[in-house]
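Next comes final_32.cif, with mmCIF, C-alpha atoms.
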data_run
#
loop_
_atom_site.label_atom_id
_atom_site.label_comp_id
_atom_site.auth_asym_id
_atom_site.auth_seq_id
_atom_site.Cartn_x
_atom_site.Cartn_y
_atom_site.Cartn_z
CA PRO A 906 0.00 0.00 0.00
CA ASP A 907 1.28 3.44 -0.90
CA GLY A 908 -0.69 5.34 1.76
CA LYS A 909 -3.39 6.52 -0.64
CA ASN A 910 -7.02 5.78 0.12
CA PRO A 911 -8.03 2.85 -2.14
CA TRP A 912 -11.68 3.89 -1.89
CA THR A 913 -10.92 6.97 -4.01
CA THR A 914 -9.88 4.67 -6.88
CA VAL A 915 -13.16 2.75 -7.27
CA ASP A 916 -16.80 3.57 -7.92
CA GLN A 917 -18.10 0.78 -5.70
CA GLY A 918 -16.91 -1.73 -3.16
CA VAL A 919 -18.30 -3.90 -0.37
CA TYR A 920 -18.12 -3.41 3.42
CA VAL A 921 -18.67 -6.41 5.70
CA CYS A 922 -19.12 -6.13 9.45
CA ILE A 923 -17.26 -8.94 11.25
CA ASP A 924 -16.49 -9.77 14.87
CA ASN A 925 -12.82 -10.77 14.59
CA PRO A 926 -11.00 -8.59 12.05
CA ASP A 927 -7.55 -9.68 13.27
CA ALA A 928 -8.12 -13.34 12.40
CA HIS A 929 -9.91 -12.39 9.18
CA PHE A 930 -7.00 -10.17 8.13
CA GLU A 931 -4.49 -12.98 8.71
CA ARG A 932 -6.65 -15.41 6.71
CA ALA A 933 -6.95 -12.98 3.79
CA LYS A 934 -3.20 -12.29 3.79
CA ALA A 935 -2.39 -16.01 3.87
CA ALA A 936 -4.70 -16.58 0.88
CA GLY A 937 -2.91 -13.89 -1.15
CA ALA A 938 -5.40 -11.02 -0.88
CA THR A 939 -4.01 -7.71 -2.04
CA ILE A 940 -4.08 -5.70 1.19
CA GLU A 941 -4.94 -2.10 0.33
CA THR A 942 -5.09 -0.68 3.86
CA PRO A 943 -3.61 -2.55 6.80
CA LEU A 944 -5.56 -3.58 9.85
CA ARG A 945 -6.02 -0.51 12.04
CA ASP A 946 -8.20 1.16 14.66
CA LEU A 947 -10.19 4.11 13.33
CA ASP A 948 -11.31 7.19 15.23
CA TYR A 949 -15.00 6.20 15.03
CA GLY A 950 -14.34 2.94 16.88
CA SER A 951 -14.02 0.40 14.09
CA ARG A 952 -11.10 -1.96 13.68
CA GLU A 953 -10.82 -2.75 9.98
CA TYR A 954 -8.78 -3.27 6.83
CA SER A 955 -9.35 -3.16 3.07
CA ALA A 956 -8.31 -5.73 0.48
CA ARG A 957 -8.94 -6.76 -3.10
CA ASP A 958 -10.17 -10.23 -3.97
CA SER A 959 -8.92 -12.41 -6.81
CA GLY A 960 -11.16 -10.54 -9.29
CA GLY A 961 -10.01 -7.07 -8.23
CA HIS A 962 -13.15 -6.09 -6.27
CA LEU A 963 -12.41 -3.86 -3.25
CA TRP A 964 -13.66 -5.03 0.16
CA SER A 965 -13.42 -3.60 3.66
CA PHE A 966 -13.88 -5.78 6.74
CA GLY A 967 -14.37 -4.26 10.17
CA THR A 968 -16.27 -4.04 13.42
CA TYR A 969 -18.37 -0.96 12.58
CA ARG A 970 -22.06 -1.87 12.70
CA MET A 971 -24.17 0.42 10.57
CA THR A 972 -27.37 -0.66 12.27
CA ASP A 973 -28.64 -2.66 15.20
CA ALA A 974 -31.32 -4.27 13.02
CA VAL A 975 -31.77 -7.97 13.54
CA ASP A 976 -34.02 -8.55 10.50
CA ALA A 977 -32.71 -10.43 7.50
CA PRO A 978 -30.99 -8.12 5.01
CA ASN A 979 -32.93 -6.93 1.98
CA MET A 980 -30.01 -5.39 0.04
CA TYR A 981 -27.36 -7.56 -1.55
CA PRO A 982 -24.22 -6.53 -3.40
CA THR A 983 -23.92 -8.40 -6.67
CA LEU A 984 -20.52 -8.88 -8.29
CA TRP A 985 -19.52 -10.12 -11.75
CA TYR A 986 -16.28 -12.03 -12.29
CA ASP A 987 -14.48 -13.22 -15.40
CA ASP A 988 -13.68 -16.43 -13.46
CA ALA A 989 -16.66 -16.82 -11.13
CA PRO A 990 -15.87 -20.44 -10.13
CA GLY A 991 -12.36 -19.33 -9.18
CA ALA A 992 -13.79 -16.30 -7.35
CA VAL A 993 -16.16 -18.49 -5.30
CA ALA A 994 -13.29 -20.78 -4.30
CA TRP A 995 -11.10 -17.79 -3.45
CA LEU A 996 -13.83 -15.99 -1.45
CA GLU A 997 -14.26 -19.16 0.62
CA ARG A 998 -10.53 -19.62 1.17
CA GLY A 999 -9.46 -15.98 1.43
CA PHE A 1000 -12.36 -14.19 3.09
CA GLY A 1001 -14.13 -17.12 4.79
CA PHE A 1002 -17.41 -16.97 2.88
CA GLU A 1003 -19.71 -19.99 2.90
CA LYS A 1004 -21.52 -21.12 -0.26
CA ILE A 1005 -25.30 -21.04 0.07
CA VAL A 1006 -26.33 -21.53 -3.57
CA VAL A 1007 -24.35 -22.14 -6.75
CA ILE A 1008 -26.22 -22.47 -10.04
CA PRO A 1009 -23.88 -23.66 -12.81
CA GLY A 1010 -23.89 -21.89 -16.16
CA GLU A 1011 -22.56 -22.88 -19.57
CA ASN A 1012 -18.99 -24.08 -20.11
CA GLY A 1013 -18.11 -24.25 -16.42
CA SER A 1014 -19.33 -20.71 -15.65
CA ILE A 1015 -21.65 -19.74 -12.80
CA GLU A 1016 -25.10 -18.41 -13.63
CA HIS A 1017 -25.73 -17.30 -10.04
CA ALA A 1018 -24.11 -17.87 -6.64
CA GLU A 1019 -24.89 -16.69 -3.14
CA LEU A 1020 -22.29 -16.67 -0.39
CA ARG A 1021 -22.67 -15.82 3.29
CA LEU A 1022 -20.34 -14.30 5.85
CA GLY A 1023 -22.18 -13.97 9.15
CA PRO A 1024 -25.63 -12.53 8.44
CA GLY A 1025 -24.45 -10.80 5.23
CA VAL A 1026 -24.96 -12.24 1.76
CA VAL A 1027 -23.21 -11.42 -1.50
CA MET A 1028 -24.39 -12.63 -4.91
CA LEU A 1029 -22.16 -13.19 -7.90
CA SER A 1030 -22.15 -14.42 -11.48
CA SER A 1031 -19.81 -15.07 -14.36
CA SER A 1032 -19.42 -12.06 -16.66
CA LYS A 1033 -21.23 -12.61 -19.96
CA PRO A 1034 -21.91 -10.46 -23.02
CA SER A 1035 -25.66 -10.26 -22.31
CA ASP A 1036 -24.90 -8.34 -19.09
CA ALA A 1037 -23.24 -5.52 -21.03
CA ALA A 1038 -26.51 -3.74 -21.92
CA VAL A 1039 -27.57 -3.62 -18.28
CA LEU A 1040 -24.20 -3.12 -16.60
CA GLY A 1041 -22.50 -0.91 -19.17
CA GLY A 1042 -19.06 -2.01 -18.03
CA ALA A 1043 -19.84 -2.03 -14.30
CA ARG A 1044 -18.83 -5.13 -12.36
CA GLN A 1045 -21.02 -4.49 -9.34
CA ALA A 1046 -24.67 -3.69 -8.65
CA VAL A 1047 -27.02 -3.60 -5.68
CA CYS A 1048 -30.09 -5.83 -5.51
CA VAL A 1049 -32.97 -4.84 -3.23
CA ALA A 1050 -35.75 -7.22 -2.18
CA LEU A 1051 -39.20 -5.61 -2.15
CA ASP A 1052 -42.70 -6.89 -1.52
CA ASP A 1053 -44.27 -4.75 -4.29
CA PRO A 1054 -41.81 -4.20 -7.16
CA ASP A 1055 -44.61 -3.07 -9.52
CA ARG A 1056 -45.42 -0.07 -7.32
CA HIS A 1057 -41.72 0.69 -6.94
CA TYR A 1058 -41.22 0.43 -10.72
CA ALA A 1059 -44.07 2.89 -11.37
CA THR A 1060 -42.51 5.35 -8.90
CA ALA A 1061 -39.07 4.98 -10.51
CA VAL A 1062 -40.44 5.48 -14.03
CA ALA A 1063 -42.42 8.55 -12.94
CA ALA A 1064 -39.25 9.99 -11.37
CA GLY A 1065 -37.32 9.49 -14.62
CA ALA A 1066 -35.11 6.58 -13.56
CA GLY A 1067 -33.00 5.12 -16.35
CA ILE A 1068 -34.69 1.75 -16.76
CA VAL A 1069 -32.22 -0.76 -18.20
CA ARG A 1070 -34.36 -3.88 -17.77
CA PRO A 1071 -38.16 -3.41 -17.60
CA ILE A 1072 -40.17 -5.20 -14.96
CA GLU A 1073 -40.56 -8.88 -15.75
CA ILE A 1074 -40.86 -12.29 -14.22
CA THR A 1075 -37.45 -13.96 -14.38
CA HIS A 1076 -36.75 -17.58 -15.29
CA TYR A 1077 -36.33 -18.25 -11.54
CA GLY A 1078 -39.79 -16.84 -10.71
CA ALA A 1079 -38.98 -13.43 -9.21
CA ARG A 1080 -40.57 -10.22 -10.43
CA THR A 1081 -37.74 -7.70 -11.00
CA TYR A 1082 -36.50 -4.68 -12.89
CA SER A 1083 -33.16 -2.89 -13.16
CA ALA A 1084 -32.42 0.83 -13.34
CA ARG A 1085 -29.55 3.27 -13.18
CA ASP A 1086 -29.53 6.03 -10.62
CA LEU A 1087 -28.49 9.63 -11.37
CA GLU A 1088 -24.79 8.72 -11.17
CA GLY A 1089 -25.15 5.64 -13.38
CA TYR A 1090 -25.02 2.92 -10.71
CA VAL A 1091 -27.09 -0.19 -11.44
CA TRP A 1092 -29.84 -1.25 -9.04
CA THR A 1093 -32.12 -4.27 -9.33
CA PHE A 1094 -35.40 -4.30 -7.40
CA GLY A 1095 -37.54 -7.40 -7.07
CA THR A 1096 -39.18 -10.10 -5.01
CA TYR A 1097 -36.18 -12.46 -4.80
CA ARG A 1098 -34.76 -12.86 -1.29
#

Take the structure from the file and write it as structure tokens.
Amino acid sequence: PDGKNPWTTVDQGVYVCIDNPDAHFERAKAAGATIETPLRDLDYGSREYSARDSGGHLWSFGTYRMTDAVDAPNMYPTLWYDDAPGAVAWLERGFGFEKIVVIPGENGSIEHAELRLGPGVVMLSSSKPSDAAVLGGARQAVCVALDDPDRHYATAVAAGAGIVRPIEITHYGARTYSARDLEGYVWTFGTYR
């Protein structure tokens, strides 16, 4: 690390709240994670570090809890990897994630995977050309689970959201749509939890 803040070099990254950042940091280092900021105590009480995974995504792991909510999460970061099977294996080995679901794709790719670390869940897929129209070069999006995506879609359209995938029922049975916000970030809203 050169002392610069790695978060100023990316548009998006993922923060994960964990209980034992010291052990997690040692595990990530041993697995070959690129450590961007070393383990340290911050002035707002968190002990954390930042690292890049095998696909170059930036992560921060620390003790800062953004909420005391005990409900299941309804927002999930979604990441795309050129080598999603390798990324799943690395995320298990390097960051201690546990596979929940892995749906194989064509030619050894991954159509969809869900991994858990504590109560948090991240979703990922293999990069494919059909994603280009929705993602526009992005390799990360946020998915939000809603009870009434049709109402949310109507509100987004009325507000002028940049719809990149109209509301539809997916092949896995969820009702979803995708849009870009004012800064171009991709969001998917739907019934899948």

query = If you measure from atom CA of A:Ala1063 to atom CA of A:Thr1093, what distance in Å do you get, rounded to one decimal?
reply =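 Value for the atom CA of A:Ala1063-atom CA of A:Thr1093 distance: 16.8 Å.
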
Evaluated on this file, the PyMOL selection byres ((chain A and resi 1004) around 8) picks out some residues - which ones are they, written as a PDB file with C-alpha atoms, keeping the file's coordinate frame?
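Output file expr11.pdb is given in full below:
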ATOM      1  CA  VAL A 993     -16.160 -18.490  -5.300  1.00  0.00           C
ATOM      2  CA  GLU A 997     -14.260 -19.160   0.620  1.00  0.00           C
ATOM      3  CA  PHE A1002     -17.410 -16.970   2.880  1.00  0.00           C
ATOM      4  CA  GLU A1003     -19.710 -19.990   2.900  1.00  0.00           C
ATOM      5  CA  ILE A1005     -25.300 -21.040   0.070  1.00  0.00           C
ATOM      6  CA  VAL A1006     -26.330 -21.530  -3.570  1.00  0.00           C
ATOM      7  CA  VAL A1007     -24.350 -22.140  -6.750  1.00  0.00           C
ATOM      8  CA  ALA A1018     -24.110 -17.870  -6.640  1.00  0.00           C
ATOM      9  CA  GLU A1019     -24.890 -16.690  -3.140  1.00  0.00           C
ATOM     10  CA  LEU A1020     -22.290 -16.670  -0.390  1.00  0.00           C
ATOM     11  CA  ARG A1021     -22.670 -15.820   3.290  1.00  0.00           C
TER      12      ARG A1021
END

Distance in Å - atom CA of A:Arg1080 versus atom CA of A:Thr1096 =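 Going from atom CA of A:Arg1080 over to atom CA of A:Thr1096 covers 5.6 Å.
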
query = Between A:Gln917, A:Asn925, A:Ser1030, A:Ser959, which is the closest to A:Tyr1090 once you count only C-alpha atoms?
reply = A:Gln917

query = What does the distance between atom CA of A:Arg1044 and atom CA of A:Tyr986 come to in Å, to one decimal place?
reply =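 So the answer is 7.4 Å.
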
task = Pick out the closest residue to A:Asn910 from this set: A:Leu1029, A:Val1062, A:Ala956, A:Ala989. Count all atoms listed in the file.
result =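 When distances to A:Asn910 are compared using all atoms listed in the file, the smallest one comes from A:Ala956.
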
task = Rank A:Pro978, A:Gly1089, A:Gly967, A:Gly937 by their smallest atom-to-atom distance to A:Ala1043, using only C-alpha atoms, and report the top residue only.
result = A:Gly1089

Final N, CA, C and O atoms of stretch 1008-1032 of chain A as a PDB file, in the coordinates of the input:
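Written output follows (out-v2.pdb):
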ATOM      1  N   ILE A1008     -25.500 -21.970  -8.873  1.00  0.00           N
ATOM      2  CA  ILE A1008     -26.220 -22.470 -10.040  1.00  0.00           C
ATOM      3  C   ILE A1008     -25.241 -22.435 -11.213  1.00  0.00           C
ATOM      4  O   ILE A1008     -24.828 -21.352 -11.644  1.00  0.00           O
ATOM      5  N   PRO A1009     -24.859 -23.623 -11.712  1.00  0.00           N
ATOM      6  CA  PRO A1009     -23.880 -23.660 -12.810  1.00  0.00           C
ATOM      7  C   PRO A1009     -24.443 -23.032 -14.085  1.00  0.00           C
ATOM      8  O   PRO A1009     -25.646 -23.084 -14.346  1.00  0.00           O
ATOM      9  N   GLY A1010     -23.551 -22.441 -14.859  1.00  0.00           N
ATOM     10  CA  GLY A1010     -23.890 -21.890 -16.160  1.00  0.00           C
ATOM     11  C   GLY A1010     -23.252 -22.738 -17.251  1.00  0.00           C
ATOM     12  O   GLY A1010     -22.824 -23.862 -17.005  1.00  0.00           O
ATOM     13  N   GLU A1011     -23.152 -22.168 -18.435  1.00  0.00           N
ATOM     14  CA  GLU A1011     -22.560 -22.880 -19.570  1.00  0.00           C
ATOM     15  C   GLU A1011     -21.046 -22.912 -19.463  1.00  0.00           C
ATOM     16  O   GLU A1011     -20.429 -21.988 -18.924  1.00  0.00           O
ATOM     17  N   ASN A1012     -20.445 -23.962 -19.997  1.00  0.00           N
ATOM     18  CA  ASN A1012     -18.990 -24.080 -20.110  1.00  0.00           C
ATOM     19  C   ASN A1012     -18.246 -23.852 -18.807  1.00  0.00           C
ATOM     20  O   ASN A1012     -17.203 -23.195 -18.777  1.00  0.00           O
ATOM     21  N   GLY A1013     -18.789 -24.368 -17.705  1.00  0.00           N
ATOM     22  CA  GLY A1013     -18.110 -24.250 -16.420  1.00  0.00           C
ATOM     23  C   GLY A1013     -18.276 -22.914 -15.732  1.00  0.00           C
ATOM     24  O   GLY A1013     -17.657 -22.669 -14.696  1.00  0.00           O
ATOM     25  N   SER A1014     -19.110 -22.018 -16.286  1.00  0.00           N
ATOM     26  CA  SER A1014     -19.330 -20.710 -15.650  1.00  0.00           C
ATOM     27  C   SER A1014     -20.345 -20.861 -14.515  1.00  0.00           C
ATOM     28  O   SER A1014     -20.850 -21.946 -14.252  1.00  0.00           O
ATOM     29  N   ILE A1015     -20.624 -19.758 -13.847  1.00  0.00           N
ATOM     30  CA  ILE A1015     -21.650 -19.740 -12.800  1.00  0.00           C
ATOM     31  C   ILE A1015     -22.734 -18.763 -13.224  1.00  0.00           C
ATOM     32  O   ILE A1015     -22.457 -17.591 -13.489  1.00  0.00           O
ATOM     33  N   GLU A1016     -23.954 -19.250 -13.312  1.00  0.00           N
ATOM     34  CA  GLU A1016     -25.100 -18.410 -13.630  1.00  0.00           C
ATOM     35  C   GLU A1016     -25.421 -17.485 -12.451  1.00  0.00           C
ATOM     36  O   GLU A1016     -25.687 -16.307 -12.614  1.00  0.00           O
ATOM     37  N   HIS A1017     -25.394 -18.060 -11.243  1.00  0.00           N
ATOM     38  CA  HIS A1017     -25.730 -17.300 -10.040  1.00  0.00           C
ATOM     39  C   HIS A1017     -25.156 -18.034  -8.832  1.00  0.00           C
ATOM     40  O   HIS A1017     -25.233 -19.251  -8.749  1.00  0.00           O
ATOM     41  N   ALA A1018     -24.585 -17.287  -7.903  1.00  0.00           N
ATOM     42  CA  ALA A1018     -24.110 -17.870  -6.640  1.00  0.00           C
ATOM     43  C   ALA A1018     -24.436 -16.906  -5.510  1.00  0.00           C
ATOM     44  O   ALA A1018     -24.499 -15.691  -5.710  1.00  0.00           O
ATOM     45  N   GLU A1019     -24.666 -17.469  -4.344  1.00  0.00           N
ATOM     46  CA  GLU A1019     -24.890 -16.690  -3.140  1.00  0.00           C
ATOM     47  C   GLU A1019     -23.940 -17.224  -2.077  1.00  0.00           C
ATOM     48  O   GLU A1019     -23.837 -18.435  -1.877  1.00  0.00           O
ATOM     49  N   LEU A1020     -23.230 -16.305  -1.433  1.00  0.00           N
ATOM     50  CA  LEU A1020     -22.290 -16.670  -0.390  1.00  0.00           C
ATOM     51  C   LEU A1020     -22.592 -15.859   0.862  1.00  0.00           C
ATOM     52  O   LEU A1020     -23.001 -14.700   0.771  1.00  0.00           O
ATOM     53  N   ARG A1021     -22.351 -16.454   2.010  1.00  0.00           N
ATOM     54  CA  ARG A1021     -22.670 -15.820   3.290  1.00  0.00           C
ATOM     55  C   ARG A1021     -21.406 -15.652   4.112  1.00  0.00           C
ATOM     56  O   ARG A1021     -20.541 -16.510   4.137  1.00  0.00           O
ATOM     57  N   LEU A1022     -21.339 -14.526   4.811  1.00  0.00           N
ATOM     58  CA  LEU A1022     -20.340 -14.300   5.850  1.00  0.00           C
ATOM     59  C   LEU A1022     -21.089 -13.674   7.002  1.00  0.00           C
ATOM     60  O   LEU A1022     -21.544 -12.526   6.900  1.00  0.00           O
ATOM     61  N   GLY A1023     -21.301 -14.435   8.075  1.00  0.00           N
ATOM     62  CA  GLY A1023     -22.180 -13.970   9.150  1.00  0.00           C
ATOM     63  C   GLY A1023     -23.579 -13.807   8.592  1.00  0.00           C
ATOM     64  O   GLY A1023     -24.030 -14.617   7.783  1.00  0.00           O
ATOM     65  N   PRO A1024     -24.278 -12.731   8.957  1.00  0.00           N
ATOM     66  CA  PRO A1024     -25.630 -12.530   8.440  1.00  0.00           C
ATOM     67  C   PRO A1024     -25.651 -11.904   7.034  1.00  0.00           C
ATOM     68  O   PRO A1024     -26.688 -11.826   6.401  1.00  0.00           O
ATOM     69  N   GLY A1025     -24.503 -11.464   6.537  1.00  0.00           N
ATOM     70  CA  GLY A1025     -24.450 -10.800   5.230  1.00  0.00           C
ATOM     71  C   GLY A1025     -24.364 -11.792   4.084  1.00  0.00           C
ATOM     72  O   GLY A1025     -23.791 -12.866   4.211  1.00  0.00           O
ATOM     73  N   VAL A1026     -24.955 -11.406   2.962  1.00  0.00           N
ATOM     74  CA  VAL A1026     -24.960 -12.240   1.760  1.00  0.00           C
ATOM     75  C   VAL A1026     -24.479 -11.413   0.580  1.00  0.00           C
ATOM     76  O   VAL A1026     -24.856 -10.251   0.429  1.00  0.00           O
ATOM     77  N   VAL A1027     -23.637 -12.019  -0.248  1.00  0.00           N
ATOM     78  CA  VAL A1027     -23.210 -11.420  -1.500  1.00  0.00           C
ATOM     79  C   VAL A1027     -23.625 -12.380  -2.618  1.00  0.00           C
ATOM     80  O   VAL A1027     -23.604 -13.599  -2.435  1.00  0.00           O
ATOM     81  N   MET A1028     -24.042 -11.823  -3.744  1.00  0.00           N
ATOM     82  CA  MET A1028     -24.390 -12.630  -4.910  1.00  0.00           C
ATOM     83  C   MET A1028     -23.354 -12.381  -5.981  1.00  0.00           C
ATOM     84  O   MET A1028     -22.791 -11.283  -6.061  1.00  0.00           O
ATOM     85  N   LEU A1029     -23.089 -13.387  -6.803  1.00  0.00           N
ATOM     86  CA  LEU A1029     -22.160 -13.190  -7.900  1.00  0.00           C
ATOM     87  C   LEU A1029     -22.501 -14.068  -9.075  1.00  0.00           C
ATOM     88  O   LEU A1029     -23.250 -15.025  -8.958  1.00  0.00           O
ATOM     89  N   SER A1030     -21.935 -13.697 -10.233  1.00  0.00           N
ATOM     90  CA  SER A1030     -22.150 -14.420 -11.480  1.00  0.00           C
ATOM     91  C   SER A1030     -20.906 -14.316 -12.333  1.00  0.00           C
ATOM     92  O   SER A1030     -20.057 -13.456 -12.111  1.00  0.00           O
ATOM     93  N   SER A1031     -20.849 -15.185 -13.340  1.00  0.00           N
ATOM     94  CA  SER A1031     -19.810 -15.070 -14.360  1.00  0.00           C
ATOM     95  C   SER A1031     -20.174 -13.921 -15.282  1.00  0.00           C
ATOM     96  O   SER A1031     -21.347 -13.746 -15.635  1.00  0.00           O
ATOM     97  N   SER A1032     -19.185 -13.135 -15.681  1.00  0.00           N
ATOM     98  CA  SER A1032     -19.420 -12.060 -16.660  1.00  0.00           C
ATOM     99  C   SER A1032     -19.823 -12.701 -17.972  1.00  0.00           C
ATOM    100  O   SER A1032     -19.248 -13.703 -18.391  1.00  0.00           O
TER     101      SER A1032
END
